[in-house]
Amino acid sequence: MPLAPPPIDDRRYAQLVEDTLARASVHTPEWTNFNQSDPGVTLVQLFSFLTENLLYRANLTPERNRLKFLQMLRIPLASASAAQGLIAIDNARGEARVETLPADLEVRAGAVPFRTQLGLDVLPVEARVYFKRRIEDPSQELLDYYRLLYASYQLPFPGEGNVQLYKTLALDRKVVDSVDLNADTVDRSLWIALLARANDTPGDPEDPWKHLRDQLGGRTLTLGLVPALDATSAQLLPAGNAQSRNLLRFELPNVPADGRVPRDGDDRPAPAYRQLEPRTDVDLLSVPGVVQLSLPAADQLRVWRDIDPLEGGVGAMPPSLDDPALAARAITWLRISADGAAQARLRWAGINATPIRQIQRIAAEPLADGDGRPDQLRRLSRRPVLRGSVNVLTRLGDGSAQRWSEIDDLAAAAPEVPIADPRGSARDAACARPGPTDVFELDPEAGELRFGDGLRGRRLPLGARVFASYEFCLGAQGNVAEAAIDNAPQLPSGFAVANPVRTWGGADAESTDSGEKQVRRYLQHRDRMVSVDDFESIACRAPGVQIGRIEVLPAFHPDLAPNEPGSAPGVVTVLAIPRHDPGQPDAPRADRPFLNALCRHLDPRRLVTTELVVRGADYKGVWISVGIEAAAGYAIAQVVDDVKRRLRDALAPIGPAGAMPREAALFAPRTADPARGWPLRTAVASRVLLAEVARVSGVTSVADVLLAEGERSASDVIEMSGLQLPRILGISVVVGDPLPIDALRGGGNSGGGPSGGGAKPLLPVPIVPETC
């Protein structure tokens, strides 16, 4: 049963003063002056203030008892997790030389500190990222224009059947949100131009940027890549998950000694490239990360010379730069190619990047001295603490030092003094390997260190001075927006820092109320997912994410929709919706970092025979138009606003109890709970919405409710199947007849994505920009 703390006394200061003065006239009728300046009233106010403080402290006693009960059950509250992200350091105005920065530098987003996790060489160059976007079905007029253009240079046109026209675009959020290297480009490549900075002065006319090449030669280029982080699906197969490798290739131009472009048998440009060996610890196609590339010697960092005007950007050549001033600053090109089987959709790429974490460090914090008693407890001053970061050092009076390490359970620690088993032989006692003794047990959420009792782990020695070094975080405050990190006090002069994407993974510690609700489920599943309630309870406690709603569908695979649950034995689908989404607050989407963190938590806790599918919601857009009659005496604007709020709350994907564990009996049948959000597989009907509108105060009658899905015509019912949930695209509430759906949509919009097609062996040819 839940451990609900009874309040000992809930009276406050004002109520205590009022009650005391009301009794004064009964016990002391001669006291008639109750003004604020009366000395008796002042005494009453003083003791009321002291009483309120005593009641506040007394009401904390049940709360402490609840925490103690949780500790006795050995079910600690989930600790906070540190946010992580990616930053790019730009040497925009510093000296034209490579600066090697160590790891653990502090960068800040306002008052929120982060620390870099990887040292890097900051190259004094500028990077521009481009890709070649194909032009589908070019007009005959455009082909005729290029035929005349080639004829003006006395060159044969490659032919209509062998040409694929493309346009060079920059990978910039102002131009495109992301690029799919397989579907959006003609060569499955992303091109990064390494340029001299705008304020750099060229040197020898024969080789104006030799001094920069000398700086870059033999250095390490740290390249950051951010894949598209929109709604995706994660799947954990019963036999495990294979990690795909080498799906991206990184190449530099291999320029011959004469600097000319090699040609093939058809007298077309056939440039060669040198492949670089990538070094990375993450899957760059699923999570943001960095890859380290060792650059060759300075004399090999070149571009081709004397390129024919019509051959720039043709075939496998780098994109031609339309700006002559920009092209004059080119040092070399970096080509990122995707394997044909890779799903490579990138949102950002940049150099001089390094991963960061939102952590703060405390070094050698003094704790209370050891007293030699068993089960000594020490509390750190800052919390929540990051597990695995705590180091404890003790110093005795003779100057000797002893380091203590963290252990999961003190029951696994060895005693201070080795005890031989009398049932074993002397040889067994000699060969026995005792466990660790200088250990402590950590409660990261509370920041408490518990030491042994002598039989299970060593006690803190009498008079030992205790020092602790550890890391802590700010939880969800570390999830900052894009470009929020802009301060780095330790960087050299002329350097700038920014985060290209928002940080992720920060989550606050679990509250006591939530921890209590997990006790019954935890005692039942023991951190193993077997029943539906096990999946839900364990998923709700996933660290590093802020979960808004969890729904578990047994024996259901979303790819088989509209089949109902029960049609796919051995498969469990988990619908996970984050609590917040800055880009789409009304319908939060599950991005890749969110799903990856959830999968890392669920994978070791599932049965080996279970195929687990983790997905976000599939939102289906709806339009709603309502006509009402307002009661006399009510403000029409307020009634209209209340109706809109009621409808949005009813159709919201996350309700007030979206992520909370269910309070039903352990073996009771599961039913839809509107408090968790709009139920899955529940159609949106106009009559249901009419009933919701009729419950709003001030509404005397409802003329009609019009409902439509997307660009379709109005209908009475919009079906929902699989993982579909409604999302309100637009809502209109007027007095009288409802507004027509077409008027609400404003005519709508129609469009589709680019049409796919089979790969053709076409020659990529750039479009030459018009000039006057």
# chains A, B, ... in the order shown; residues from 1 in each chain; ligands from 1
call {"tool": "residues_around", "arguments": {"residues": "Ala127 in chain A", "least_positions_apart": "3", "cutoff": "7 Å", "atoms": "only C-alpha atoms", "output": "PDB file with C-alpha atoms, in the first residue's frame"}}
result
ATOM      1  CA  ILE A 192      33.520  20.102 -47.009  1.00  0.00           C
ATOM      2  CA  ALA A 193      35.689  22.899 -48.377  1.00  0.00           C
ATOM      3  CA  LEU A 194      38.632  23.774 -46.141  1.00  0.00           C
ATOM      4  CA  LEU A 195      39.261  27.452 -46.812  1.00  0.00           C
ATOM      5  CA  GLY A 350      31.668  20.880 -39.040  1.00  0.00           C
ATOM      6  CA  ILE A 351      35.315  20.837 -38.052  1.00  0.00           C
TER       7      ILE A 351
END
call {"tool": "residues_around", "arguments": {"residues": "Thr354 in chain A", "least_positions_apart": "6", "cutoff": "7 Å", "atoms": "only C-alpha atoms", "output": "list in words"}}
result
Leu86, Ile87, Ala88, Thr116, Gln117, Leu118 and Val290 of chain A
call {"tool": "closest_residue", "arguments": {"among": "A:Ile577, A:Ala298, A:Ala675, A:Ala597", "to": "Leu725 in chain A", "atoms": "only C-alpha atoms"}}
result
A:Ile577
call {"tool": "select_by_dssp", "arguments": {"residues": "range 240-465 of chain A", "states": "strand (DSSP E)", "output": "PDB file with C-alpha atoms, in the first residue's frame"}}
result
ATOM      1  CA  LEU A 248      30.916   6.359 -44.181  1.00  0.00           C
ATOM      2  CA  ARG A 249      34.125   6.994 -46.103  1.00  0.00           C
ATOM      3  CA  PHE A 250      36.319  10.058 -45.629  1.00  0.00           C
ATOM      4  CA  GLU A 251      38.560  11.078 -48.531  1.00  0.00           C
ATOM      5  CA  LEU A 252      40.890  13.871 -49.614  1.00  0.00           C
ATOM      6  CA  PRO A 253      41.902  14.717 -53.204  1.00  0.00           C
ATOM      7  CA  TYR A 273      40.935  10.411 -53.808  1.00  0.00           C
ATOM      8  CA  ARG A 274      42.955   9.258 -50.814  1.00  0.00           C
ATOM      9  CA  GLN A 275      40.898   7.515 -48.120  1.00  0.00           C
ATOM     10  CA  LEU A 276      41.497   8.536 -44.503  1.00  0.00           C
ATOM     11  CA  PRO A 278      38.437   7.288 -39.232  1.00  0.00           C
ATOM     12  CA  ARG A 279      38.640   6.909 -35.468  1.00  0.00           C
ATOM     13  CA  GLY A 289      29.516  12.507 -32.417  1.00  0.00           C
ATOM     14  CA  VAL A 290      32.996  13.248 -33.677  1.00  0.00           C
ATOM     15  CA  VAL A 291      35.437  11.369 -35.865  1.00  0.00           C
ATOM     16  CA  GLN A 292      39.184  11.990 -35.786  1.00  0.00           C
ATOM     17  CA  LEU A 293      40.965  12.067 -39.149  1.00  0.00           C
ATOM     18  CA  SER A 294      44.756  12.200 -39.432  1.00  0.00           C
ATOM     19  CA  ALA A 330      40.309  26.879 -51.127  1.00  0.00           C
ATOM     20  CA  ILE A 331      43.028  24.748 -49.518  1.00  0.00           C
ATOM     21  CA  THR A 332      41.581  21.285 -50.066  1.00  0.00           C
ATOM     22  CA  TRP A 333      38.303  19.336 -49.994  1.00  0.00           C
ATOM     23  CA  LEU A 334      37.064  16.631 -47.654  1.00  0.00           C
ATOM     24  CA  ARG A 335      34.614  14.186 -49.192  1.00  0.00           C
ATOM     25  CA  ILE A 336      32.190  12.174 -47.010  1.00  0.00           C
ATOM     26  CA  SER A 337      30.605   9.312 -48.945  1.00  0.00           C
ATOM     27  CA  ALA A 338      27.842   6.992 -47.820  1.00  0.00           C
ATOM     28  CA  ARG A 345      20.680  11.688 -43.355  1.00  0.00           C
ATOM     29  CA  LEU A 346      22.812  14.458 -41.884  1.00  0.00           C
ATOM     30  CA  ARG A 347      21.759  17.719 -40.338  1.00  0.00           C
ATOM     31  CA  TRP A 348      25.109  19.341 -39.591  1.00  0.00           C
ATOM     32  CA  ALA A 349      28.790  18.781 -40.243  1.00  0.00           C
ATOM     33  CA  GLY A 350      31.668  20.880 -39.040  1.00  0.00           C
ATOM     34  CA  ILE A 351      35.315  20.837 -38.052  1.00  0.00           C
ATOM     35  CA  ALA A 353      34.171  19.711 -32.865  1.00  0.00           C
ATOM     36  CA  THR A 354      34.285  17.932 -29.514  1.00  0.00           C
ATOM     37  CA  PRO A 355      31.699  16.225 -27.276  1.00  0.00           C
ATOM     38  CA  ILE A 356      30.685  17.826 -23.972  1.00  0.00           C
ATOM     39  CA  ARG A 357      28.910  16.813 -20.750  1.00  0.00           C
ATOM     40  CA  GLN A 360      30.762  19.964 -12.305  1.00  0.00           C
ATOM     41  CA  ARG A 361      33.661  18.637 -10.277  1.00  0.00           C
ATOM     42  CA  ILE A 362      34.400  18.882  -6.583  1.00  0.00           C
ATOM     43  CA  ALA A 363      37.987  18.096  -5.603  1.00  0.00           C
ATOM     44  CA  ALA A 364      39.025  16.907  -2.138  1.00  0.00           C
ATOM     45  CA  GLU A 365      35.892  17.918  -0.229  1.00  0.00           C
ATOM     46  CA  PRO A 366      36.585  17.302   3.493  1.00  0.00           C
ATOM     47  CA  LEU A 367      34.108  15.042   5.261  1.00  0.00           C
ATOM     48  CA  LEU A 377      27.586   7.371   6.842  1.00  0.00           C
ATOM     49  CA  ARG A 378      28.919  10.496   5.140  1.00  0.00           C
ATOM     50  CA  ARG A 379      26.905  12.919   3.018  1.00  0.00           C
ATOM     51  CA  ASN A 391      36.858   8.894  -5.197  1.00  0.00           C
ATOM     52  CA  VAL A 392      37.500   8.768  -1.450  1.00  0.00           C
ATOM     53  CA  LEU A 393      40.900   9.261   0.171  1.00  0.00           C
ATOM     54  CA  THR A 394      41.685   8.891   3.878  1.00  0.00           C
ATOM     55  CA  ARG A 395      44.789  10.097   5.690  1.00  0.00           C
ATOM     56  CA  ALA A 401      46.977   7.504   2.698  1.00  0.00           C
ATOM     57  CA  GLN A 402      44.359   4.980   1.636  1.00  0.00           C
ATOM     58  CA  ARG A 403      42.091   5.111  -1.407  1.00  0.00           C
ATOM     59  CA  TRP A 404      38.550   3.702  -1.257  1.00  0.00           C
ATOM     60  CA  SER A 405      36.563   2.492  -4.263  1.00  0.00           C
ATOM     61  CA  GLU A 406      32.841   2.271  -4.961  1.00  0.00           C
ATOM     62  CA  ILE A 407      31.024  -1.083  -4.763  1.00  0.00           C
ATOM     63  CA  VAL A 439      35.078   0.091  -0.357  1.00  0.00           C
ATOM     64  CA  PHE A 440      31.961   2.178   0.135  1.00  0.00           C
ATOM     65  CA  GLU A 441      28.391   2.027  -1.125  1.00  0.00           C
ATOM     66  CA  LEU A 442      26.979   5.097  -2.912  1.00  0.00           C
ATOM     67  CA  ASP A 443      23.435   6.442  -3.044  1.00  0.00           C
ATOM     68  CA  GLU A 448      25.439   9.458   0.722  1.00  0.00           C
ATOM     69  CA  LEU A 449      28.482   7.240   1.229  1.00  0.00           C
ATOM     70  CA  ARG A 450      28.089   4.176   3.446  1.00  0.00           C
ATOM     71  CA  PHE A 451      31.149   2.352   4.700  1.00  0.00           C
ATOM     72  CA  ARG A 465      40.710  12.453   7.767  1.00  0.00           C
TER      73      ARG A 465
END
call {"tool": "closest_residue", "arguments": {"among": "A:Ser625, A:Gln638, A:Ser686, A:Gln235", "to": "Ile741 in chain A", "atoms": "only C-alpha atoms"}}
result
A:Ser625
call {"tool": "select_by_dssp", "arguments": {"residues": "range 481-658 of chain A", "states": "helix (DSSP H, G or I)", "output": "ChimeraX atom specification"}}
result
/A:512-525,532-540,558-560,592-605,636-651
call {"tool": "residues_around", "arguments": {"residues": "Ala498 in chain A", "least_positions_apart": "5", "cutoff": "9 Å", "atoms": "only C-alpha atoms", "output": "list in words"}}
result
Leu86, Ile87, Ala88, Ile89, Asp90, Glu482, Ala483, Ala484, Ile485, Asp486 and Asn487 of chain A
